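K.L.:
For reference, the file query.txt (compact mmCIF, C-alpha atoms and all ligand atoms) is included below:
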```txt
# COMPACT_ATOMS: atom_id res chain seq x y z
CA MET A 389 -12.76 15.28 -22.03
CA PRO A 390 -15.76 13.25 -20.90
CA GLY A 391 -18.86 15.28 -20.07
CA LYS A 392 -20.15 15.67 -16.53
CA SER A 393 -23.01 13.31 -17.30
CA ARG A 394 -20.56 10.44 -17.62
CA LEU A 395 -19.21 10.93 -14.12
CA ASN A 396 -20.22 8.15 -11.80
CA VAL A 397 -21.35 10.16 -8.76
CA PRO A 398 -22.12 8.00 -5.72
CA GLY A 399 -25.05 8.57 -3.34
CA LYS A 400 -23.95 8.86 0.27
CA ILE A 401 -20.30 8.16 1.02
CA THR A 402 -20.03 5.22 3.40
CA LEU A 403 -16.89 4.05 5.20
CA ALA A 404 -16.51 1.32 2.58
CA TYR A 405 -15.60 3.99 0.01
CA GLY A 406 -12.38 4.44 1.99
CA SER A 407 -11.58 0.75 2.38
CA GLY A 408 -9.18 0.53 -0.54
CA GLY A 409 -11.40 -2.24 -1.94
CA ARG A 410 -14.05 -2.36 -4.66
CA LEU A 411 -16.00 0.79 -3.71
CA THR A 412 -12.82 2.88 -3.40
CA HIS A 413 -11.94 1.65 -6.85
CA GLU A 414 -15.33 2.59 -8.24
CA LEU A 415 -15.15 6.06 -6.70
CA VAL A 416 -11.63 6.71 -7.98
CA SER A 417 -12.16 5.39 -11.49
CA GLY A 418 -15.77 6.54 -11.91
CA LEU A 419 -15.47 10.03 -10.44
CA PHE A 420 -11.92 11.32 -9.86
CA ALA A 421 -10.17 9.69 -12.81
CA ARG A 422 -13.02 10.60 -15.19
CA ALA A 423 -13.33 14.20 -14.05
CA PHE A 424 -9.59 14.90 -13.98
CA ALA A 425 -8.96 12.65 -17.03
CA ASN A 426 -5.30 12.66 -18.06
CA LYS A 427 -2.71 10.14 -19.10
CA ALA A 428 -0.64 10.10 -15.90
CA LEU A 429 -3.71 9.62 -13.71
CA ALA A 430 -5.31 7.00 -15.94
CA GLU A 431 -2.77 4.41 -14.82
CA LEU A 432 -4.04 4.66 -11.24
CA ALA A 433 -0.65 3.46 -10.02
CA ASP A 434 0.94 4.04 -6.60
CA SER A 435 2.65 7.11 -8.06
CA ALA A 436 1.94 9.09 -11.20
CA VAL A 437 4.85 9.35 -13.62
CA ILE A 438 5.47 12.87 -14.96
CA LYS A 439 8.19 14.15 -17.28
CA ALA A 440 10.52 17.00 -16.33
CA GLY A 441 12.81 17.61 -19.28
CA ARG A 442 14.58 14.31 -19.83
CA GLU A 443 13.90 13.00 -16.37
CA ARG A 444 10.88 11.05 -15.20
CA LEU A 445 9.50 11.89 -11.79
CA ALA A 446 7.19 9.79 -9.66
CA PHE A 447 4.65 11.89 -7.76
CA THR A 448 2.28 10.66 -5.06
CA THR A 449 0.09 11.85 -2.20
CA ASP A 450 -1.75 10.20 0.69
CA GLY A 451 -3.90 11.19 3.66
CA TYR A 452 -3.46 9.54 7.07
CA VAL A 453 -6.36 9.22 9.48
CA VAL A 454 -5.33 6.15 11.49
CA SER A 455 -7.04 5.58 14.83
CA PRO A 456 -5.49 5.30 17.37
CA LEU A 457 -2.58 7.63 16.55
CA PHE A 458 -0.06 5.37 18.32
CA PHE A 459 0.10 1.58 18.03
CA PRO A 460 2.80 -1.09 18.50
CA GLY A 461 5.32 -0.75 15.69
CA GLY A 462 4.43 2.80 14.70
CA ASP A 463 2.21 5.85 14.80
CA ILE A 464 0.50 8.21 12.36
CA GLY A 465 3.76 10.08 11.69
CA LYS A 466 5.82 7.02 10.79
CA LEU A 467 2.93 5.80 8.66
CA ALA A 468 2.66 9.14 6.83
CA VAL A 469 6.32 9.05 5.84
CA CYS A 470 6.59 5.33 5.07
CA GLY A 471 3.36 5.15 3.07
CA THR A 472 4.45 7.91 0.73
CA VAL A 473 8.04 6.66 0.43
CA ASN A 474 6.69 3.20 -0.40
CA ASP A 475 4.37 4.50 -3.12
CA LEU A 476 7.42 6.10 -4.76
CA ALA A 477 9.65 3.05 -4.22
CA VAL A 478 7.32 0.55 -5.88
CA LYS A 479 7.39 2.65 -9.06
CA GLY A 480 11.18 2.21 -9.02
CA ALA A 481 11.68 5.83 -7.93
CA ARG A 482 14.30 7.16 -5.55
CA PRO A 483 12.55 9.54 -3.13
CA LEU A 484 13.72 13.15 -3.56
CA ALA A 485 11.52 15.12 -1.17
CA LEU A 486 8.32 14.93 0.85
CA SER A 487 5.72 17.43 1.98
CA ALA A 488 3.67 17.17 5.17
CA SER A 489 0.37 18.84 5.88
CA PHE A 490 -1.13 18.73 9.39
CA ILE A 491 -4.81 19.11 10.24
CA ILE A 492 -4.96 19.46 14.01
CA GLU A 493 -8.02 19.56 16.24
CA GLU A 494 -8.20 22.41 18.74
CA GLY A 495 -7.07 21.14 22.14
CA PHE A 496 -4.73 18.46 20.81
CA ASP A 497 -1.83 17.74 23.17
CA GLY A 498 1.32 19.49 21.92
CA GLU A 499 3.54 16.82 23.45
CA LEU A 500 1.84 14.15 21.35
CA LEU A 501 2.32 16.30 18.27
CA GLY A 502 6.01 16.53 19.16
CA LYS A 503 6.22 12.73 19.42
CA VAL A 504 4.58 12.31 16.02
CA VAL A 505 6.96 14.82 14.44
CA LEU A 506 10.04 13.08 15.89
CA SER A 507 8.76 9.81 14.56
CA MET A 508 8.37 11.39 11.09
CA LYS A 509 11.92 12.73 11.37
CA ALA A 510 13.27 9.25 12.20
CA ALA A 511 11.36 7.54 9.37
CA ALA A 512 12.47 10.19 6.86
CA ALA A 513 16.08 9.80 8.00
CA GLU A 514 15.88 6.03 7.55
CA ALA A 515 14.44 6.47 4.06
CA GLY A 516 17.09 9.09 3.25
CA VAL A 517 14.60 11.78 2.27
CA ASP A 518 13.89 15.31 3.57
CA ILE A 519 10.49 16.79 4.42
CA VAL A 520 10.91 20.10 2.60
CA THR A 521 7.53 21.80 2.71
CA GLY A 522 4.23 21.61 4.53
CA ASP A 523 1.12 23.25 5.86
CA THR A 524 -0.60 23.58 9.25
CA LYS A 525 -4.32 23.98 9.89
CA VAL A 526 -6.19 23.89 13.17
CA VAL A 527 -9.93 23.16 13.19
CA ASP A 528 -12.48 23.67 16.00
CA LYS A 529 -12.82 21.10 18.72
CA GLY A 530 -15.00 18.26 17.55
CA LYS A 531 -14.37 18.93 13.84
CA ALA A 532 -11.45 16.47 13.48
CA ASP A 533 -10.33 13.47 15.46
CA GLY A 534 -7.11 14.78 17.02
CA LEU A 535 -4.75 14.77 14.10
CA PHE A 536 -4.79 14.02 10.38
CA ILE A 537 -1.65 14.17 8.24
CA SER A 538 -1.31 14.35 4.51
CA THR A 539 2.04 13.75 2.83
CA ALA A 540 3.11 13.99 -0.80
CA GLY A 541 6.36 12.86 -2.33
CA VAL A 542 8.41 13.17 -5.48
CA GLY A 543 11.05 10.73 -6.62
CA LEU A 544 13.36 10.31 -9.56
CA ILE A 545 12.92 7.24 -11.73
CA PRO A 546 16.34 6.15 -13.04
CA ALA A 547 16.55 5.66 -16.82
CA GLY A 548 15.50 2.22 -18.00
CA ARG A 549 13.07 1.51 -15.19
CA ASP A 550 9.48 1.19 -16.31
CA LEU A 551 7.51 -0.78 -13.75
CA SER A 552 3.82 -1.34 -14.36
CA PHE A 553 1.26 -4.13 -14.34
CA GLY A 554 1.01 -3.63 -18.11
CA ALA A 555 4.48 -5.23 -18.33
CA LEU A 556 3.37 -8.57 -16.84
CA ARG A 557 3.82 -11.67 -19.00
CA THR A 558 2.48 -15.20 -18.78
CA GLY A 559 4.81 -17.28 -16.62
CA ASP A 560 6.02 -14.39 -14.43
CA GLU A 561 6.39 -15.30 -10.79
CA LEU A 562 4.79 -13.53 -7.85
CA ILE A 563 6.97 -12.74 -4.85
CA ILE A 564 5.59 -11.52 -1.51
CA SER A 565 8.21 -9.75 0.63
CA GLY A 566 7.11 -11.20 3.98
CA PRO A 567 4.31 -12.21 6.38
CA LEU A 568 0.95 -10.53 5.78
CA GLY A 569 -1.62 -8.72 7.91
CA ASP A 570 0.56 -7.48 10.80
CA HIS A 571 -0.41 -3.81 10.48
CA GLY A 572 -4.16 -4.35 10.26
CA VAL A 573 -4.43 -6.63 13.27
CA ALA A 574 -1.99 -4.59 15.40
CA VAL A 575 -4.05 -1.41 14.88
CA MET A 576 -7.34 -3.20 15.48
CA ASN A 577 -6.01 -4.80 18.66
CA GLU A 578 -4.90 -1.41 19.96
CA ARG A 579 -8.07 0.43 18.95
CA ASN A 580 -10.49 -2.07 20.43
CA LYS A 581 -8.28 -2.83 23.45
CA LEU A 582 -8.51 -6.52 22.70
CA GLY A 583 -5.43 -7.32 24.75
CA LEU A 584 -3.91 -9.80 22.28
CA SER A 585 -0.16 -9.89 22.84
CA GLY A 586 2.76 -9.99 20.43
CA LEU A 587 1.07 -8.05 17.61
CA LYS A 588 3.16 -5.34 15.96
CA SER A 589 2.68 -3.25 12.81
CA ASP A 590 5.17 -3.93 10.03
CA CYS A 591 5.29 -0.19 9.14
CA ALA A 592 8.64 0.47 7.40
CA PRO A 593 10.16 2.41 4.52
CA LEU A 594 10.69 0.00 1.63
CA ASN A 595 12.87 2.06 -0.72
CA GLY A 596 16.06 0.27 0.34
CA LEU A 597 14.42 -3.12 -0.18
CA ALA A 598 13.04 -2.08 -3.59
CA GLU A 599 16.48 -0.88 -4.70
CA LYS A 600 18.01 -4.22 -3.69
CA ALA A 601 15.41 -6.15 -5.68
CA LEU A 602 15.83 -3.95 -8.76
CA ALA A 603 19.62 -4.30 -8.66
CA ALA A 604 19.40 -8.10 -8.43
CA GLY A 605 17.36 -8.90 -11.53
CA GLU A 606 14.48 -7.99 -13.79
CA VAL A 607 11.33 -6.88 -11.99
CA ARG A 608 8.20 -6.17 -14.07
CA ALA A 609 6.06 -4.53 -11.41
CA MET A 610 5.83 -3.95 -7.67
CA ARG A 611 3.08 -2.77 -5.36
CA ASP A 612 3.06 -2.10 -1.64
CA LEU A 613 0.31 -4.04 0.11
CA THR A 614 -1.73 -1.55 2.09
CA ARG A 615 -5.52 -1.29 2.58
CA GLY A 616 -7.36 -4.15 0.97
CA GLY A 617 -4.31 -6.37 1.39
CA LEU A 618 -2.70 -8.79 -1.04
CA ALA A 619 -6.02 -9.95 -2.50
CA THR A 620 -6.98 -6.44 -3.60
CA ALA A 621 -3.51 -5.64 -4.98
CA LEU A 622 -3.53 -8.89 -6.98
CA ASN A 623 -6.91 -8.00 -8.45
CA GLU A 624 -5.52 -4.64 -9.54
CA ALA A 625 -2.57 -6.43 -11.17
CA ALA A 626 -4.86 -8.88 -12.95
CA SER A 627 -7.35 -6.32 -14.19
CA SER A 628 -4.74 -3.83 -15.41
CA SER A 629 -2.68 -6.50 -17.17
CA GLY A 630 -5.64 -8.47 -18.53
CA LEU A 631 -3.88 -11.62 -17.29
CA ALA A 632 -4.96 -14.20 -14.75
CA VAL A 633 -2.93 -14.50 -11.57
CA GLU A 634 -2.76 -17.59 -9.40
CA LEU A 635 -1.91 -17.46 -5.70
CA GLU A 636 -0.95 -20.60 -3.77
CA GLU A 637 -2.65 -20.50 -0.40
CA GLU A 638 -0.11 -22.61 1.44
CA LYS A 639 2.81 -20.44 0.31
CA VAL A 640 1.31 -17.23 1.72
CA PRO A 641 3.33 -16.24 4.80
CA VAL A 642 1.42 -15.20 7.93
CA SER A 643 3.08 -15.05 11.35
CA PRO A 644 1.56 -17.34 14.01
CA VAL A 645 0.42 -14.42 16.24
CA THR A 646 -1.24 -12.63 13.33
CA ALA A 647 -2.84 -15.84 12.05
CA ASN A 648 -4.20 -16.48 15.53
CA ALA A 649 -5.53 -12.90 15.85
CA CYS A 650 -7.14 -13.11 12.40
CA ALA A 651 -8.88 -16.34 13.37
CA LEU A 652 -10.19 -14.79 16.61
CA LEU A 653 -11.34 -11.60 14.90
CA GLY A 654 -12.77 -13.24 11.80
CA LEU A 655 -10.30 -11.46 9.51
CA ASP A 656 -8.70 -12.87 6.38
CA PRO A 657 -4.95 -12.08 6.27
CA LEU A 658 -5.19 -11.92 2.47
CA TYR A 659 -7.33 -8.78 2.89
CA ALA A 660 -5.68 -7.34 6.01
CA ALA A 661 -3.56 -4.19 5.71
CA ASN A 662 0.23 -4.08 5.65
CA GLU A 663 2.51 -1.04 5.76
CA GLY A 664 5.89 -2.66 5.18
CA LYS A 665 5.25 -5.38 2.62
CA MET A 666 5.17 -5.48 -1.13
CA MET A 667 4.51 -7.88 -3.95
CA LEU A 668 6.76 -8.17 -6.99
CA PHE A 669 6.35 -9.81 -10.38
CA CYS A 670 9.50 -11.15 -12.03
CA PRO A 671 10.25 -13.23 -15.10
CA PRO A 672 11.20 -16.81 -14.07
CA ALA A 673 14.86 -16.24 -15.02
CA SER A 674 15.10 -13.45 -12.43
CA SER A 675 12.86 -14.55 -9.59
CA ALA A 676 15.45 -16.62 -7.66
CA LYS A 677 17.98 -13.77 -7.77
CA VAL A 678 15.42 -11.19 -6.72
CA LEU A 679 14.18 -13.46 -3.93
CA ARG A 680 17.72 -13.87 -2.60
CA ALA A 681 18.26 -10.12 -2.65
CA LEU A 682 15.01 -9.50 -0.79
CA ARG A 683 15.87 -12.07 1.86
CA SER A 684 19.25 -10.40 2.48
CA HIS A 685 17.45 -7.19 3.57
CA ARG A 686 15.96 -6.73 7.05
CA TYR A 687 12.51 -5.93 5.62
CA GLY A 688 12.48 -8.87 3.21
CA ARG A 689 13.68 -11.80 5.31
CA GLY A 690 10.37 -13.60 5.00
CA ALA A 691 10.09 -13.23 1.21
CA VAL A 692 8.60 -16.14 -0.74
CA ILE A 693 7.45 -17.02 -4.24
CA ALA A 694 3.73 -17.53 -3.82
CA GLY A 695 2.14 -17.58 -7.25
CA ARG A 696 2.40 -16.86 -10.95
CA VAL A 697 0.86 -15.13 -13.91
CA LEU A 698 -1.25 -17.47 -16.02
CA GLY A 699 -2.59 -16.67 -19.48
CA LYS A 700 -5.38 -14.30 -20.53
CA GLY A 701 -8.01 -13.63 -17.90
CA GLY A 702 -7.94 -10.62 -15.60
CA GLU A 703 -8.95 -12.54 -12.50
CA VAL A 704 -7.19 -13.93 -9.45
CA SER A 705 -7.50 -17.54 -8.38
CA LEU A 706 -6.49 -19.01 -5.06
CA ARG A 707 -5.14 -22.55 -5.27
CA THR A 708 -6.01 -24.08 -1.93
CA ALA A 709 -3.88 -26.43 0.13
CA VAL A 710 -6.08 -29.40 -0.80
CA GLY A 711 -5.68 -28.70 -4.52
CA GLY A 712 -8.97 -26.89 -5.18
CA SER A 713 -9.23 -23.45 -6.73
CA ARG A 714 -11.52 -20.49 -6.12
CA LEU A 715 -11.77 -16.89 -7.28
CA LEU A 716 -10.14 -14.36 -5.01
CA ARG A 717 -11.99 -11.06 -5.32
CA MET A 718 -11.22 -7.49 -4.36
CA LEU A 719 -12.08 -6.44 -0.80
CA GLU A 720 -15.85 -6.00 -0.47
CA GLY A 721 -17.26 -3.59 2.10
CA GLU A 722 -15.04 -2.42 4.90
CA GLN A 723 -12.92 -4.83 6.90
CA LEU A 724 -11.24 -2.23 9.13
CA PRO A 725 -11.90 1.50 8.78
CA ARG A 726 -9.19 4.10 9.53
CA ILE A 727 -6.33 1.67 9.39
CA CYS A 728 -3.90 4.14 7.78
MG MG A 801 0.59 1.89 -2.73
```
As structure tokens - that is how I would like this structure written.
Ligand code: MG
P.N.:
Amino acid sequence: MPGKSRLNVPGKITLAYGSGGRLTHELVSGLFARAFANKALAELADSAVIKAGRERLAFTTDGYVVSPLFFPGGDIGKLAVCGTVNDLAVKGARPLALSASFIIEEGFDGELLGKVVLSMKAAAAEAGVDIVTGDTKVVDKGKADGLFISTAGVGLIPAGRDLSFGALRTGDELIISGPLGDHGVAVMNERNKLGLSGLKSDCAPLNGLAEKALAAGEVRAMRDLTRGGLATALNEAASSSGLAVELEEEKVPVSPVTANACALLGLDPLYAANEGKMMLFCPPASSAKVLRALRSHRYGRGAVIAGRVLGKGGEVSLRTAVGGSRLLRMLEGEQLPRIC
């Protein structure tokens, strides 16, 4: 057990510590992972893998603080179910059960709470999982912003599945399941009343899509692309595998409305949040089969191969349309606070 002196305790917590980018990473690895030090946590994966007799369970938890609570394509309830289901799914787990904990501000409209709950019910039904336990707290007016939800989930990992960035090999191909950035710009448009039309969050449960991919061919690792976007997830893949990853800029799918909104708002779709997209790494012999399977599913129609694993390195490079190459780093600072 490391001593307390080795904990990396930050000064004041700024919004950037919740961005999912570099500072979140530093906080998690320097404080939480060091203090709680154990093998399951050390992986810092979407879900921890724990043994229960002969079975392996995936276990995950997330807090949801999105503002506003409702946005085109979803709301905090749908997000709370999908986000947790997706963290189980990308570890190859089949969701078994979820919990839901509600922190409600005094005075919150009961009808809105009802809407959120029905939306959670619908998302859970689509994912084929029950919400089996929970908790309710109400705090004084002004001590929370309407409603926060925390969900946890457990899933069963079928025998033989062992997905992790440690399994990546030189030559593996990178697949992105569809157009990037829709969630981030849809929430920002709604929050700031920017009035841009056609934007819609991609929020969706991805366990069906993940199962299709895994049935089609060998998949080494998957990750859902949430805060910090593709660029941050790729950096996590590169640093945990110790291998360099190359992304081809012109292959990266972005819908025209989202690309236009990103340009207007000064956002980079490679760093913008998604809630219904994932990246997958497959050996070259499997990638075409996996790609076909993804494209046959409603949440994977826009899937593309967009990069590959190079040799030793641990960094991510972006090969630009004109043939140049530059380093693609983890999200710095805070692009959009309270996006999920
Ligand atoms: Mg995740």
K.L.:
Quick one: of A:Lys466, A:Lys665, A:Arg444, A:Lys639, who's nearest to ligand MG 801 (chain A), counting only C-alpha atoms and all ligand atoms?
P.N.:
A:Lys665
K.L.:
Between range 531-579 of chain A and range 447-458 of chain A, at 10 Å or less, what are the per-residue closest atom pairs and their distances in Å? Count all atoms listed in the file, order by chain and rising residue number, and return it as a tab-separated table.
P.N.:
```
residue	atom	partner	partner_atom	distance
A:Ala532	CA	A:Val453	CA	9.7
A:Asp533	CA	A:Val453	CA	8.3
A:Gly534	CA	A:Leu457	CA	8.5
A:Leu535	CA	A:Val453	CA	7.4
A:Phe536	CA	A:Val453	CA	5.1
A:Ile537	CA	A:Tyr452	CA	5.1
A:Ser538	CA	A:Gly451	CA	4.2
A:Thr539	CA	A:Asp450	CA	5.6
A:Ala540	CA	A:Thr449	CA	4.0
A:Gly541	CA	A:Thr448	CA	5.4
A:Val542	CA	A:Phe447	CA	4.6
A:Gly543	CA	A:Phe447	CA	6.6
A:Leu544	CA	A:Phe447	CA	9.0
A:Val575	CA	A:Pro456	CA	7.3
A:Met576	CA	A:Ser455	CA	8.8
A:Glu578	CA	A:Pro456	CA	7.2
A:Arg579	CA	A:Pro456	CA	5.7
```
K.L.:
As an exercise, work out the distance from CA of Met667 in chain A to CA of Ile564 in chain A in Å and give it to one decimal place.
P.N.:
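Between these atoms lies a distance of 4.5 Å.
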K.L.:
Hey, what's within 12 Å of Arg686 in chain A if we count only C-alpha atoms and toss same-chain stuff fewer than 6 positions away? As a list of chain:residue names, please?
P.N.:
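Near neighbours after the sequence-gap exclusion: A:Ser565, A:Gly566, A:Asp590, A:Ala592, A:Pro593, A:Leu594, A:Gly596, A:Leu597, A:Ala598, A:Lys600, A:Gly664, A:Lys665.
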K.L.:
Could you please determine the separation between CA of Pro546 in chain A and CA of Ala694 in chain A in Å, to one decimal place?
P.N.:
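Value for the CA of Pro546 in chain A-CA of Ala694 in chain A distance: 28.4 Å.
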K.L.:
List all protein, DNA and RNA residues that have any atom at most 6 Å from ligand MG 801 (chain A), counting only C-alpha atoms and all ligand atoms, and write the list as number ranges by chain.
P.N.:
A: 434, 475, 611-612
K.L.:
If we draw a sphere of 10 Å around (1.9, -17.7, -9.4), which residues have at least one atom in it when counting all atoms listed in the file? Please report them as a list of chain:residue names.
P.N.:
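I get A:Thr558, A:Gly559, A:Asp560, A:Glu561, A:Leu562, A:Ile563, A:Ala632, A:Val633, A:Glu634, A:Leu635, A:Glu636, A:Phe669, A:Ile693, A:Ala694, A:Gly695, A:Arg696, A:Val697, A:Leu698, A:Val704, A:Ser705, A:Leu706, A:Arg707 for the residues within 10 Å of that point.
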K.L.:
Write out as a PyMOL selection string which residues come within 9 Å of range 406-422 of chain A when counting all atoms listed in the file, dropping same-chain ones fewer than 2 positions away.
P.N.:
chain A and resi 389-392+394-398+401-404+424-426+429-430+432+614-617+620+717-727
K.L.:
Rounded to one decimal place, report the CA of Gly654 in chain A-CA of Cys728 in chain A distance in Å.
P.N.:
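About the pair CA of Gly654 in chain A and CA of Cys728 in chain A: they are 19.9 Å apart.
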K.L.:
Around range 682-694 of chain A, with edges along x, y and z and 6 Å added on all six sides, what centre and edge lengths do you get, in Å to one decimal, as lines of an AutoDock Vina configuration file?
P.N.:
```
center_x = 11.5
center_y = -11.7
center_z = 1.4
size_x = 27.5
size_y = 23.6
size_z = 23.3
```
K.L.:
For a cut-off of 8 Å around (-1.4, -4.7, -7.4), file coordinates, pick out all residues using all atoms listed in the file and list them as a count of residues only.
P.N.:
14
